[in-house]
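> Contents of final_20.csv (CSV, C-alpha atoms):
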```
chain,number,residue,atom,x,y,z
A,5,MET,CA,0.0,0.0,0.0
A,6,LEU,CA,1.2,3.5,-0.9
A,7,ARG,CA,0.9,6.2,1.7
A,8,THR,CA,1.3,9.9,1.0
A,9,THR,CA,2.0,13.0,3.0
A,10,ILE,CA,1.9,16.5,1.5
A,11,ALA,CA,4.2,19.4,2.6
A,12,PRO,CA,2.7,22.5,1.2
A,13,GLY,CA,4.6,25.5,-0.2
A,14,PRO,CA,5.7,27.2,-3.4
A,15,ALA,CA,7.1,23.8,-4.5
A,16,PRO,CA,4.9,21.4,-2.6
A,17,THR,CA,6.4,18.0,-1.8
A,18,VAL,CA,4.5,14.7,-1.8
A,19,PHE,CA,6.3,12.3,0.5
A,20,LEU,CA,5.7,8.7,-0.6
A,21,ALA,CA,6.0,5.7,1.6
A,22,GLY,CA,5.3,2.0,1.3
A,23,GLU,CA,4.8,0.1,-1.9
A,24,MET,CA,4.1,1.2,-5.4
A,25,ASP,CA,2.5,-1.5,-7.5
A,26,LEU,CA,-0.7,-1.8,-9.6
A,27,ASP,CA,-2.9,-0.4,-6.9
A,28,CYS,CA,-1.1,2.9,-6.3
A,29,ALA,CA,-2.6,4.9,-9.1
A,30,ASP,CA,-5.5,6.5,-7.3
A,31,THR,CA,-3.5,7.4,-4.2
A,32,LEU,CA,-0.7,8.9,-6.2
A,33,ARG,CA,-2.9,10.9,-8.6
A,34,GLU,CA,-5.1,12.3,-5.8
A,35,ALA,CA,-2.1,13.4,-3.7
A,36,VAL,CA,-0.4,15.0,-6.7
A,37,ALA,CA,-3.6,16.7,-7.8
A,38,GLU,CA,-4.0,18.2,-4.3
A,39,ALA,CA,-0.4,19.3,-4.1
A,40,ALA,CA,-0.5,20.8,-7.6
A,41,ARG,CA,-3.3,23.4,-6.8
A,42,GLY,CA,-1.7,26.7,-7.5
A,43,ALA,CA,1.8,25.3,-7.7
A,44,GLN,CA,4.3,25.6,-10.5
A,45,THR,CA,5.9,22.2,-9.8
A,46,VAL,CA,5.3,19.2,-7.5
A,47,VAL,CA,8.2,17.3,-5.8
A,48,LEU,CA,7.8,13.6,-5.2
A,49,ASP,CA,10.0,12.3,-2.5
A,50,PHE,CA,10.7,8.6,-2.9
A,51,ALA,CA,12.9,8.1,0.2
A,52,ASP,CA,10.5,5.8,2.0
A,53,VAL,CA,9.3,3.7,-1.0
A,54,LYS,CA,10.3,0.2,-0.1
A,55,PHE,CA,9.1,-1.5,-3.2
A,56,ILE,CA,8.2,-0.6,-6.8
A,57,ASP,CA,7.5,-2.7,-9.8
A,58,SER,CA,6.9,-2.0,-13.5
A,59,SER,CA,3.2,-1.2,-12.8
A,60,GLY,CA,4.1,1.4,-10.2
A,61,THR,CA,6.8,2.7,-12.5
A,62,GLY,CA,4.3,2.9,-15.4
A,63,ILE,CA,1.9,4.9,-13.2
A,64,PHE,CA,4.6,7.3,-12.3
A,65,VAL,CA,5.7,7.7,-15.9
A,66,ARG,CA,2.2,8.3,-17.1
A,67,LEU,CA,1.5,10.8,-14.4
A,68,SER,CA,4.8,12.6,-15.0
A,69,LEU,CA,4.0,13.0,-18.7
A,70,ASP,CA,0.5,14.1,-17.9
A,71,MET,CA,1.6,16.7,-15.4
A,72,LYS,CA,4.3,18.0,-17.8
A,73,SER,CA,1.6,18.5,-20.5
A,74,GLN,CA,-0.6,20.3,-18.0
A,75,GLY,CA,2.2,22.8,-17.1
A,76,THR,CA,2.9,21.5,-13.6
A,77,PRO,CA,5.8,19.2,-14.0
A,78,LEU,CA,6.9,16.7,-11.4
A,79,VAL,CA,10.3,16.5,-9.8
A,80,ALA,CA,11.5,13.2,-8.3
A,81,ARG,CA,13.9,13.4,-5.3
A,82,ASN,CA,15.6,11.0,-2.8
A,83,LEU,CA,15.1,7.8,-4.8
A,84,SER,CA,15.4,4.9,-2.4
A,85,PRO,CA,17.7,2.0,-3.6
A,86,ALA,CA,14.7,-0.1,-4.5
A,87,VAL,CA,13.3,2.7,-6.7
A,88,LYS,CA,16.6,3.7,-8.3
A,89,GLY,CA,17.3,0.1,-9.3
A,90,VAL,CA,14.0,-0.3,-11.1
A,91,PHE,CA,14.0,3.2,-12.6
A,92,ASP,CA,17.5,2.6,-14.0
A,93,MET,CA,16.6,-0.7,-15.4
A,94,LEU,CA,13.5,0.6,-17.1
A,95,ARG,CA,15.3,3.8,-18.3
A,96,VAL,CA,12.7,6.0,-16.7
A,97,ARG,CA,15.0,9.1,-17.1
A,98,ASP,CA,14.8,8.6,-20.9
A,99,LEU,CA,11.0,8.3,-20.8
A,100,VAL,CA,10.2,11.3,-18.7
A,101,GLY,CA,13.2,13.6,-19.2
A,102,ASP,CA,16.3,14.5,-17.3
A,103,GLU,CA,14.6,17.6,-15.7
A,104,VAL,CA,12.5,15.3,-13.6
A,105,PHE,CA,15.6,14.1,-11.8
A,106,PRO,CA,17.6,17.2,-10.8
A,107,ASP,CA,19.7,15.4,-8.1
B,30,MET,CA,0.0,-0.5,-43.4
B,31,ALA,CA,-2.2,-3.4,-42.5
B,32,ASP,CA,-5.9,-2.8,-41.8
B,33,GLN,CA,-6.0,-3.1,-38.0
B,34,ALA,CA,-9.7,-3.6,-37.9
B,35,ALA,CA,-9.7,-6.6,-40.3
B,36,ASP,CA,-6.4,-8.3,-39.7
B,37,PRO,CA,-5.8,-10.7,-36.8
B,38,PRO,CA,-3.8,-9.2,-34.0
B,39,ALA,CA,-0.1,-9.7,-33.5
B,40,SER,CA,0.5,-13.0,-31.8
B,41,LEU,CA,3.0,-15.6,-30.8
B,42,GLN,CA,2.4,-19.2,-31.6
B,43,VAL,CA,4.7,-22.1,-30.7
B,44,PHE,CA,4.8,-25.4,-32.5
B,45,ARG,CA,6.9,-28.4,-31.6
B,46,TYR,CA,8.7,-30.9,-33.9
B,47,LEU,CA,10.0,-34.2,-32.6
B,48,ALA,CA,12.9,-35.7,-34.5
B,49,GLY,CA,11.6,-38.3,-37.0
B,50,ASP,CA,8.0,-37.1,-37.0
B,51,ASP,CA,6.4,-36.0,-40.3
B,52,THR,CA,4.4,-33.1,-38.7
B,53,VAL,CA,4.4,-30.6,-35.9
B,54,ARG,CA,2.0,-30.0,-33.0
B,55,ALA,CA,0.9,-26.8,-31.3
B,56,VAL,CA,2.2,-25.9,-27.9
B,57,ILE,CA,0.9,-22.3,-27.9
B,58,GLY,CA,-1.9,-21.6,-30.3
B,59,GLU,CA,-3.3,-24.0,-32.9
B,60,VAL,CA,-2.1,-25.7,-36.1
B,61,GLU,CA,-4.3,-23.9,-38.5
B,62,ALA,CA,-5.4,-25.0,-41.9
B,63,GLY,CA,-2.9,-23.8,-44.6
B,64,LEU,CA,0.1,-23.9,-42.3
B,65,PRO,CA,3.0,-25.1,-44.5
B,66,LEU,CA,3.7,-28.2,-42.5
B,67,GLU,CA,6.2,-29.7,-44.9
B,68,ASP,CA,8.3,-26.6,-44.9
B,69,LEU,CA,8.2,-26.4,-41.1
B,70,VAL,CA,9.3,-30.0,-40.8
B,71,ALA,CA,12.1,-29.5,-43.3
B,72,HIS,CA,13.4,-26.4,-41.5
B,73,ALA,CA,13.1,-28.0,-38.1
B,74,THR,CA,15.0,-31.1,-39.3
B,75,GLU,CA,17.7,-28.8,-40.7
B,76,ALA,CA,17.9,-26.9,-37.4
B,77,LEU,CA,18.2,-30.2,-35.5
B,78,LYS,CA,20.8,-31.5,-37.8
B,79,SER,CA,22.9,-28.4,-37.8
B,80,GLU,CA,22.2,-27.7,-34.0
B,81,ARG,CA,21.7,-24.1,-34.9
B,82,PHE,CA,19.0,-21.5,-34.2
B,83,MET,CA,17.4,-20.4,-37.4
B,84,CYS,CA,15.2,-17.4,-38.0
B,85,PHE,CA,13.3,-16.4,-41.1
B,86,ALA,CA,11.4,-13.3,-42.0
B,87,VAL,CA,8.4,-14.1,-44.2
B,88,SER,CA,7.3,-11.3,-46.5
B,89,GLN,CA,3.7,-10.5,-46.7
B,90,SER,CA,1.7,-8.6,-49.3
B,91,GLY,CA,2.1,-4.9,-49.1
B,92,GLY,CA,5.8,-5.2,-48.1
B,93,PHE,CA,5.5,-3.6,-44.7
B,94,VAL,CA,4.5,-6.5,-42.5
B,95,ALA,CA,6.5,-9.6,-41.9
B,96,ASP,CA,6.0,-12.8,-40.0
B,97,GLU,CA,9.0,-14.2,-38.3
B,98,LEU,CA,9.6,-17.9,-37.9
B,99,CYS,CA,12.3,-19.1,-35.5
B,100,PHE,CA,13.5,-22.7,-35.2
B,101,VAL,CA,15.1,-23.5,-31.9
B,102,PRO,CA,16.8,-27.0,-31.7
B,103,GLN,CA,16.7,-28.6,-28.3
B,104,GLY,CA,18.1,-32.0,-28.2
B,105,ASP,CA,15.7,-34.3,-30.1
B,106,ARG,CA,13.0,-31.7,-30.6
B,107,CYS,CA,12.7,-28.3,-32.2
B,108,ASP,CA,10.5,-25.5,-31.0
B,109,ILE,CA,9.1,-23.3,-33.8
B,110,LEU,CA,8.1,-19.8,-32.8
B,111,SER,CA,5.8,-18.0,-35.2
B,112,ILE,CA,5.6,-14.3,-34.6
B,113,ARG,CA,2.8,-12.6,-36.5
B,114,THR,CA,3.1,-8.8,-36.6
B,115,ASN,CA,0.5,-7.8,-39.2
B,116,GLY,CA,1.7,-4.3,-38.8
B,117,TRP,CA,0.0,-4.1,-35.4
B,118,GLN,CA,1.3,-1.9,-32.6
B,119,ARG,CA,4.8,-1.9,-34.1
B,120,HIS,CA,5.3,1.4,-32.2
B,121,HIS,CA,2.9,3.1,-29.8
B,122,GLY,CA,4.5,6.6,-30.0
B,123,ASP,CA,4.7,6.7,-26.2
B,124,HIS,CA,6.6,5.1,-23.3
B,125,ARG,CA,5.4,1.6,-23.9
B,126,ARG,CA,7.4,-1.1,-25.5
B,127,SER,CA,6.3,-2.3,-29.0
B,128,LEU,CA,4.5,-5.6,-29.1
B,129,VAL,CA,6.9,-6.8,-31.7
B,130,GLU,CA,9.9,-6.1,-29.5
B,131,ILE,CA,8.2,-8.0,-26.7
B,132,LEU,CA,7.6,-11.0,-28.9
B,133,ASN,CA,11.1,-11.0,-30.3
B,134,ASN,CA,12.6,-10.9,-26.8
B,135,MET,CA,10.6,-13.9,-25.9
B,136,ALA,CA,11.8,-15.7,-29.0
B,137,ALA,CA,15.4,-14.8,-28.1
B,138,ALA,CA,14.9,-16.1,-24.6
B,139,VAL,CA,13.7,-19.5,-25.9
B,140,ALA,CA,16.6,-19.6,-28.3
B,141,CYS,CA,19.2,-19.0,-25.5
B,142,GLY,CA,17.5,-21.5,-23.2
B,143,LYS,CA,16.3,-19.1,-20.6
B,144,LEU,CA,12.6,-19.6,-21.4
B,145,ARG,CA,11.1,-23.0,-21.8
B,146,ILE,CA,7.7,-23.4,-23.5
B,147,LEU,CA,5.9,-26.2,-21.7
B,148,ASP,CA,3.3,-28.6,-22.9
B,149,GLU,CA,0.5,-29.9,-20.6
B,150,THR,CA,2.5,-32.9,-19.4
B,151,GLU,CA,5.6,-30.9,-18.6
B,152,VAL,CA,3.8,-28.2,-16.7
B,153,VAL,CA,2.0,-30.6,-14.5
B,154,GLN,CA,5.2,-32.4,-13.7
B,155,ASP,CA,7.4,-29.3,-13.2
B,156,ALA,CA,4.8,-27.5,-11.1
B,157,ARG,CA,4.7,-30.3,-8.6
B,158,ALA,CA,8.5,-30.9,-8.4
B,159,GLY,CA,10.2,-30.4,-5.0
B,160,THR,CA,8.6,-29.5,-1.7
B,161,GLN,CA,5.9,-26.9,-1.3
B,162,LEU,CA,6.9,-24.1,1.1
B,163,LEU,CA,4.1,-21.5,0.6
B,164,HIS,CA,0.8,-21.3,-1.2
B,165,PHE,CA,-1.4,-18.2,-1.7
B,166,VAL,CA,-4.6,-17.7,-3.5
B,167,ILE,CA,-4.3,-14.2,-5.0
B,168,ASP,CA,-7.2,-12.1,-6.1
B,169,ASP,CA,-6.2,-8.5,-5.3
B,170,SER,CA,-3.2,-6.4,-4.6
B,171,ALA,CA,-3.4,-7.0,-0.9
B,172,SER,CA,-3.0,-10.7,-1.4
B,173,LEU,CA,-0.1,-9.9,-3.8
B,174,THR,CA,1.6,-7.9,-1.0
B,175,ALA,CA,1.1,-10.7,1.5
B,176,ALA,CA,2.6,-13.2,-0.9
B,177,ARG,CA,5.6,-10.9,-1.6
B,178,GLU,CA,6.3,-10.5,2.0
B,179,ALA,CA,6.1,-14.2,2.8
B,180,VAL,CA,8.5,-15.1,-0.1
B,181,ASP,CA,10.8,-12.4,1.1
B,182,VAL,CA,11.1,-14.1,4.5
B,183,VAL,CA,11.9,-17.4,2.9
B,184,LEU,CA,14.5,-15.8,0.7
B,185,GLN,CA,16.1,-14.1,3.7
B,186,GLU,CA,16.5,-17.5,5.3
B,187,SER,CA,18.0,-19.0,2.2
B,188,ASP,CA,21.3,-17.3,2.0
B,189,VAL,CA,20.3,-15.2,-1.0
B,190,ASP,CA,22.1,-11.9,-1.2
B,191,ASP,CA,20.0,-8.7,-0.9
B,192,LEU,CA,20.1,-7.7,-4.6
B,193,THR,CA,19.1,-11.2,-5.7
B,194,ARG,CA,16.3,-11.3,-3.1
B,195,GLN,CA,14.9,-7.9,-4.2
B,196,ARG,CA,15.0,-8.9,-7.9
B,197,THR,CA,13.3,-12.2,-7.2
B,198,ILE,CA,10.5,-10.4,-5.3
B,199,LEU,CA,10.2,-8.0,-8.2
B,200,CYS,CA,9.9,-10.8,-10.7
B,201,ILE,CA,7.2,-12.5,-8.6
B,202,SER,CA,5.3,-9.2,-8.4
B,203,GLU,CA,5.5,-8.8,-12.2
B,204,ALA,CA,4.2,-12.3,-12.8
B,205,VAL,CA,1.3,-12.0,-10.3
B,206,THR,CA,0.4,-8.5,-11.6
B,207,ASN,CA,0.2,-9.9,-15.1
B,208,MET,CA,-2.1,-12.6,-13.7
B,209,LEU,CA,-4.3,-10.1,-11.9
B,210,LEU,CA,-4.5,-7.7,-14.9
B,211,HIS,CA,-4.7,-10.2,-17.8
B,212,GLY,CA,-5.2,-13.7,-16.4
B,213,GLY,CA,-8.8,-13.5,-15.3
B,214,GLY,CA,-8.1,-11.5,-12.1
B,215,GLN,CA,-7.2,-14.3,-9.8
B,216,GLY,CA,-5.1,-17.4,-9.4
B,217,SER,CA,-2.4,-18.7,-7.1
B,218,MET,CA,1.3,-18.4,-6.2
B,219,THR,CA,3.2,-21.4,-4.9
B,220,LEU,CA,6.8,-21.4,-3.6
B,221,ARG,CA,8.6,-24.7,-3.9
B,222,ARG,CA,12.1,-25.8,-2.9
B,223,LEU,CA,14.0,-28.1,-5.3
B,224,ASP,CA,17.5,-29.4,-4.8
B,225,ASP,CA,19.4,-26.4,-6.3
B,226,ARG,CA,16.7,-23.8,-6.6
B,227,LEU,CA,13.5,-22.1,-5.4
B,228,ARG,CA,10.6,-22.3,-7.8
B,229,VAL,CA,7.6,-20.0,-7.8
B,230,VAL,CA,4.6,-21.3,-9.7
B,231,VAL,CA,2.1,-18.6,-10.7
B,232,ALA,CA,-1.0,-20.1,-12.2
B,233,ASP,CA,-4.4,-18.9,-13.3
B,234,ASP,CA,-7.5,-20.3,-15.1
B,235,GLY,CA,-7.8,-17.2,-17.3
B,236,PRO,CA,-8.2,-17.0,-21.1
B,237,GLY,CA,-4.5,-17.5,-21.8
B,238,MET,CA,-1.9,-15.0,-22.8
B,239,ASN,CA,-3.3,-12.4,-25.1
B,240,PHE,CA,-0.4,-10.3,-26.0
B,241,LEU,CA,-2.6,-7.5,-27.1
B,242,ASN,CA,-3.5,-7.1,-23.4
B,243,TRP,CA,0.0,-6.1,-22.7
B,244,ILE,CA,-0.2,-3.0,-24.8
B,245,GLY,CA,-3.9,-2.1,-24.5
B,246,PRO,CA,-5.5,1.1,-23.4
B,247,PRO,CA,-5.4,2.2,-19.7
B,248,THR,CA,-7.5,0.0,-17.4
B,249,LYS,CA,-9.6,1.1,-14.5
B,250,LYS,CA,-6.4,0.8,-12.5
B,251,GLY,CA,-5.4,4.0,-14.4
B,252,GLN,CA,-2.4,2.8,-16.3
B,253,ALA,CA,-1.5,0.8,-19.3
B,254,SER,CA,1.1,-1.9,-19.1
B,255,MET,CA,4.6,-0.7,-20.1
B,256,GLY,CA,5.3,-4.1,-21.5
B,257,TYR,CA,8.4,-4.6,-19.3
B,258,GLY,CA,7.1,-7.1,-16.8
B,259,PHE,CA,8.0,-10.2,-18.8
B,260,GLN,CA,11.3,-8.8,-19.8
B,261,ILE,CA,12.2,-8.2,-16.2
B,262,ILE,CA,11.3,-11.8,-15.4
B,263,LEU,CA,13.5,-13.1,-18.2
B,264,ASP,CA,16.4,-10.8,-17.3
B,265,TYR,CA,16.6,-11.5,-13.6
B,266,LEU,CA,15.7,-15.1,-13.1
B,267,ASP,CA,17.8,-18.2,-13.8
B,268,ALA,CA,15.1,-20.1,-15.7
B,269,VAL,CA,11.4,-19.5,-16.7
B,270,GLY,CA,8.8,-22.0,-17.9
B,271,LEU,CA,5.6,-21.0,-19.6
B,272,ARG,CA,2.4,-22.8,-20.4
B,273,THR,CA,-0.5,-20.8,-21.8
B,274,GLY,CA,-3.7,-21.8,-23.5
B,275,ARG,CA,-7.4,-21.3,-23.4
B,276,THR,CA,-7.7,-22.9,-20.0
B,277,GLY,CA,-5.1,-20.7,-18.3
B,278,THR,CA,-1.5,-19.7,-17.9
B,279,THR,CA,1.2,-21.1,-15.7
B,280,LEU,CA,4.6,-19.5,-15.1
B,281,LEU,CA,7.5,-21.3,-13.4
B,282,LEU,CA,10.0,-18.9,-12.0
B,283,ASP,CA,13.3,-20.5,-11.0
B,284,ARG,CA,16.0,-18.9,-8.8
B,285,LYS,CA,19.1,-21.0,-8.1
B,286,THR,CA,20.2,-21.1,-4.5
B,287,ASP,CA,23.6,-22.8,-4.7
```
When written as structure tokens, how does the structure in this file appear?

Amino acid sequence: MLRTTIAPGPAPTVFLAGEMDLDCADTLREAVAEAARGAQTVVLDFADVKFIDSSGTGIFVRLSLDMKSQGTPLVARNLSPAVKGVFDMLRVRDLVGDEVFPD
Amino acid sequence: MADQAADPPASLQVFRYLAGDDTVRAVIGEVEAGLPLEDLVAHATEALKSERFMCFAVSQSGGFVADELCFVPQGDRCDILSIRTNGWQRHHGDHRRSLVEILNNMAAAVACGKLRILDETEVVQDARAGTQLLHFVIDDSASLTAAREAVDVVLQESDVDDLTRQRTILCISEAVTNMLLHGGGQGSMTLRRLDDRLRVVVADDGPGMNFLNWIGPPTKKGQASMGYGFQIILDYLDAVGLRTGRTGTTLLLDRKTD
């Protein structure tokens, strides 16, 4: 199960915790939509994501592309080792753009 | 460009030739009328004799589409993989893998021995080999999480290094997710211990692998498959067995432990 906590601000951050699999879409989209109100960008913090698979990755990629097209791009920070391994394997940086990973 | 409304979808069929036979039988799909059996037997015989993997691109009318026929010699039998592209979904124009790429990767995995296509007898035998350690009925993401966590505990007790353990859990998640999304929505996951390996058996009674499901439109879950799940499984595990047909799909995922 994915859990989210939002830290508001000019560049709001959505802290993600738990697991990102086929069931995380609604939770992630709702949190990002809430954080994005009036914001120019939304930061996703992956530090406490313990597990992610290709479904969770696909949801993130789709959401990232959608948010970019809507003018509120996502930024991904603090990738946990589990997330970094899968993102590297699936070449997520190539899919969503280098600007999503400023670290 | 093929008429996507009229042409059959892209697909993978697997036929099997046994040395000395005068025909082939279907392992995935069906032996359809009009299949050039004599040609298939001749090429399979040649592949067995030369002990070499052979692949042919078969031109179709219109010049754009091509079927691919791969002959994979395996001892006294030759598996014949027929990939029909029909111009379908060659590229999506987004982040998802092309169906043709997925099917070609599967053919390559069979050719290099990583992926075994199983018939009914083989899958029954191999799915019962060794000692059962865990068994889960899986019908939602919560039961998938429970299964992942239980396998994780067993792997931690099996002297498997952390990276291997994480990758194995990832592969199980990919297989079970495919089952939930495309295999009828429910099935089972069983963990078994064999002499030199752990084997995860993921089985469902769904409609069989329909490769178009892998690249279909977004589901109610809110996302479309990226098409990477099966490739992750093939990349990270030591051996994979596959049986799929109209009565369901079974995947055998092997991780060596010695």
> Can you write out as a Markdown table which residues of stretch 92-200 of chain B fall within 10 Å of stretch 81-86 of chain A, alongside each residue's closest atom pair and its distance in Å to one decimal, counting only C-alpha atoms and ordering rows by chain and ascending residue number?

```
| residue | atom | partner | partner_atom | distance |
| --- | --- | --- | --- | --- |
| B:Leu192 | CA | A:Ala86 | CA | 9.3 |
| B:Gln195 | CA | A:Ala86 | CA | 7.8 |
| B:Arg196 | CA | A:Ala86 | CA | 9.4 |
| B:Leu199 | CA | A:Ala86 | CA | 9.8 |
```
> Using only C-alpha atoms, which of the listed residues (B:Thr279, B:Ser217, B:Ser172, B:Ser79) sits closest to chain A?
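Using only C-alpha atoms, chain A sits closest to B:Ser172.
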> Find the residues around A:Leu78 up to 9 Å (all atoms listed in the file counted), leave out those fewer than 5 positions away in its own chain, and share them as an mmCIF file with C-alpha atoms, keeping the file's coordinate frame.

```cif
data_model
loop_
_atom_site.group_PDB
_atom_site.id
_atom_site.type_symbol
_atom_site.label_atom_id
_atom_site.label_comp_id
_atom_site.auth_asym_id
_atom_site.auth_seq_id
_atom_site.Cartn_x
_atom_site.Cartn_y
_atom_site.Cartn_z
ATOM 1 C CA VAL A 36 -0.400 15.000 -6.700
ATOM 2 C CA THR A 45 5.900 22.200 -9.800
ATOM 3 C CA VAL A 46 5.300 19.200 -7.500
ATOM 4 C CA VAL A 47 8.200 17.300 -5.800
ATOM 5 C CA LEU A 48 7.800 13.600 -5.200
ATOM 6 C CA LEU A 67 1.500 10.800 -14.400
ATOM 7 C CA SER A 68 4.800 12.600 -15.000
ATOM 8 C CA LEU A 69 4.000 13.000 -18.700
ATOM 9 C CA MET A 71 1.600 16.700 -15.400
ATOM 10 C CA LYS A 72 4.300 18.000 -17.800
ATOM 11 C CA GLU A 103 14.600 17.600 -15.700
ATOM 12 C CA VAL A 104 12.500 15.300 -13.600
#
```
> Of the candidates A:Ala40, A:Met24, A:Ile10, A:Val18, which shows the shortest atom-to-atom distance to chain B, using all atoms listed in the file?
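Closest residue, counting all atoms listed in the file: A:Met24.
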> As an exercise, work out the distance from atom CA of B:Thr193 to atom CA of B:Asp224 in Å and give it to one decimal place.
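Taking atom CA of B:Thr193 as the start and atom CA of B:Asp224 as the end point, the length is 18.3 Å.
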> Please check the contacts: residues of chain A at most 10 Å away from chain B, using all atoms listed in the file, listed as a ChimeraX atom specification.
/A:5,23,25-30,33,55-67,69,86,89-90,93-94,96,98-100
> Which is closest to B:Met83 among B:Val70, B:Leu147, B:Cys99, B:Ala140, if we use only C-alpha atoms?
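Comparing B:Val70, B:Leu147, B:Cys99, B:Ala140 against B:Met83, the winner is B:Cys99.
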> Considering all atoms listed in the file, can you say which of A:Phe19, A:Asp52, A:Gly75, A:Ala39 comes closest to A:Val87?
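That would be A:Asp52, the residue with the smallest distance to A:Val87.
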> Show me, as a list in words, the residues that have an atom within 12 Å of B:Asn134 when counting only C-alpha atoms, minus same-chain residues fewer than 2 positions from it.
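Returned residues: Leu41, Cys99, Leu110, Ile112, Arg126, Ser127, Leu128, Val129, Glu130, Ile131, Leu132, Ala136, Ala137, Ala138, Val139, Ala140, Cys141, Lys143, Leu144, Gly256, Tyr257, Phe259, Gln260, Ile261, Ile262, Leu263 and Asp264 of chain B.
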> One decimal, Å: what's the distance from atom CA of B:Thr219 over to atom CA of B:Asp108, could you say?
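Taking atom CA of B:Thr219 as the start and atom CA of B:Asp108 as the end point, the length is 27.4 Å.
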